[in-house]
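**Q** Here you go, one structure.
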Amino acid sequence: MTETWDLYDINRIKTRKTAQRGPNIENGYFHMVVHVCVFNKDGHMLIQQRQKDKVGFPNYFDVTCGGSAIAGEDSRTAVRRELYEELGIDIDFKDERPFLTVNFNHGFDDFYLVEKEISLNDLILDPNEVQSARYASLDDILMMIDEGTFVPYHKSLIQCLFDMKNQRGALTKSFF
């Protein structure tokens with residue numbers, strides 16, 4: 001079944017338009033993508049390996065999870081669904097805001113950061129989406145990007161996600 005996405009204007013206001021999953025979004029409209037990065041107490045990120053037949057970076061490792069919001073979902077609902085569908089982790093994001101939003105040509109991508117102890121044995125991997133999962137350090141992920149085994153995010157984005165995991169905002173300390 002093809003996903004239907006809500007479309008937004010440049011100000012991130014939902015329009016009454018929708019689009020079917022794919023690259024052909026009409027100019028001037030945008031769709032929502034969400035990602036979550038789960039970190040353990042040691043500061044390692046839970047990463048997943050995408051299935052070998054996935055469209056877009058098959059067999060590559062990726063951050064904990066991510067995907068497009070489907071029609072009717074807000075960002076928090078979408079990230080909860082994606083995390084549960086892909087890894088069997090149920091976290092309620094109802095009182096959370098993204099730590100970071102990255103804009104791309106035809107959308108925006110909300111990144112949520114969570115510190116939580118999750119055993120790899122407790123994961124329920126979606127066999128259509130995920131072939132394996134493990135924890136990785138920042139250095140591990142940066143090396144994997146260099147080797148071409150991790151989704152080719154900008155290294156500065158991955159560094160930023162690790163830097164922001166325990167704080168909100170761009171400042172290292174508040175003046176309030």
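Here, A, B, ... name the chains of the structure tokens in the order displayed, residue numbers run from 1 inside each chain, and ligands are numbered from 1 in the same displayed order.
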Considering only C-alpha atoms, return as a ChimeraX atom specification whatever protein or nucleic-acid residues lie within 7 Å of A:Arg76, sequence-local ones (same chain, fewer than 4 positions apart) excluded.

**A** /A:80,93-94

**Q** Show which residues sit within 6 Å of stretch 57-66 of chain A, as a list in words. Count only C-alpha atoms, and ignore same-chain residues fewer than 6 positions away.

**A** Val34, His35, Val36, Cys37, Leu46, Ile47, Gln48, Gln49, Arg50, Gln51, Thr149, Phe150 and Val151 of chain A

**Q** When you count only C-alpha atoms, which of these residues is closest to A:Asn105: A:Arg21, A:Arg16, A:His31, A:Arg81?

**A**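 That would be A:His31, the residue with the smallest distance to A:Asn105.
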
**Q** Could you check which of A:Ile25, A:Ile70, A:Leu138, A:Val38 is closest to A:Thr4, using only C-alpha atoms?

**A** A:Ile70

**Q** Pick the closest to A:Asn128 from A:Lys52, A:Lys165, A:His44, A:Asn103: which is it, counting only C-alpha atoms?

**A**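 So, comparing all the options, the nearest one is A:Lys52.
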
**Q** For atom CA of A:Tyr153 and atom CA of A:Tyr84, quote the distance in Å rounded to one decimal.

**A**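 Between atom CA of A:Tyr153 and atom CA of A:Tyr84 the gap works out to 23.2 Å.
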
**Q** Could you give me the residues within stretch 58-150 of chain A that DSSP places in alpha helix (DSSP H), as a ChimeraX atom specification?

**A** /A:75-87,138-147

**Q** Go ahead and write the selection's residues with C-alpha atoms as a tab-separated table (two decimals), in the first residue's frame.

**A**
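Final output, selection.tsv:
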```
chain	number	residue	atom	x	y	z
A	75	SER	CA	5.75	14.85	14.20
A	76	ARG	CA	5.44	13.25	17.66
A	77	THR	CA	2.93	10.67	16.48
A	78	ALA	CA	5.06	9.80	13.46
A	79	VAL	CA	8.27	9.33	15.44
A	80	ARG	CA	6.52	7.12	17.99
A	81	ARG	CA	5.03	4.97	15.21
A	82	GLU	CA	8.32	4.65	13.32
A	83	LEU	CA	10.26	3.65	16.44
A	84	TYR	CA	7.69	1.03	17.37
A	85	GLU	CA	7.29	-0.33	13.83
A	86	GLU	CA	11.01	-0.65	13.11
A	87	LEU	CA	12.41	-1.70	16.50
A	138	LEU	CA	30.56	8.73	17.50
A	139	ASP	CA	33.96	7.57	16.21
A	140	ASP	CA	32.45	4.27	15.01
A	141	ILE	CA	29.75	6.07	13.03
A	142	LEU	CA	32.14	8.60	11.50
A	143	MET	CA	34.42	5.74	10.42
A	144	MET	CA	31.43	3.88	8.94
A	145	ILE	CA	30.50	6.99	6.93
A	146	ASP	CA	34.06	7.08	5.57
A	147	GLU	CA	33.88	3.37	4.72
```

**Q** Just the number, please: distance in Å from atom CA of A:Tyr29 to atom CA of A:Thr2, one decimal.

**A**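 So the answer is 19.0 Å.
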
**Q** By how many Å are atom CA of A:Leu157 and atom CA of A:Asp110 apart?

**A**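 Interatomic distance here is 12.6 Å.
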
**Q** Closest to A:Asp74 among A:Ile124, A:Val33, A:Leu113, A:Ile158, using only C-alpha atoms?

**A**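 Between A:Ile124, A:Val33, A:Leu113, A:Ile158, the residue approaching A:Asp74 most closely is A:Val33.
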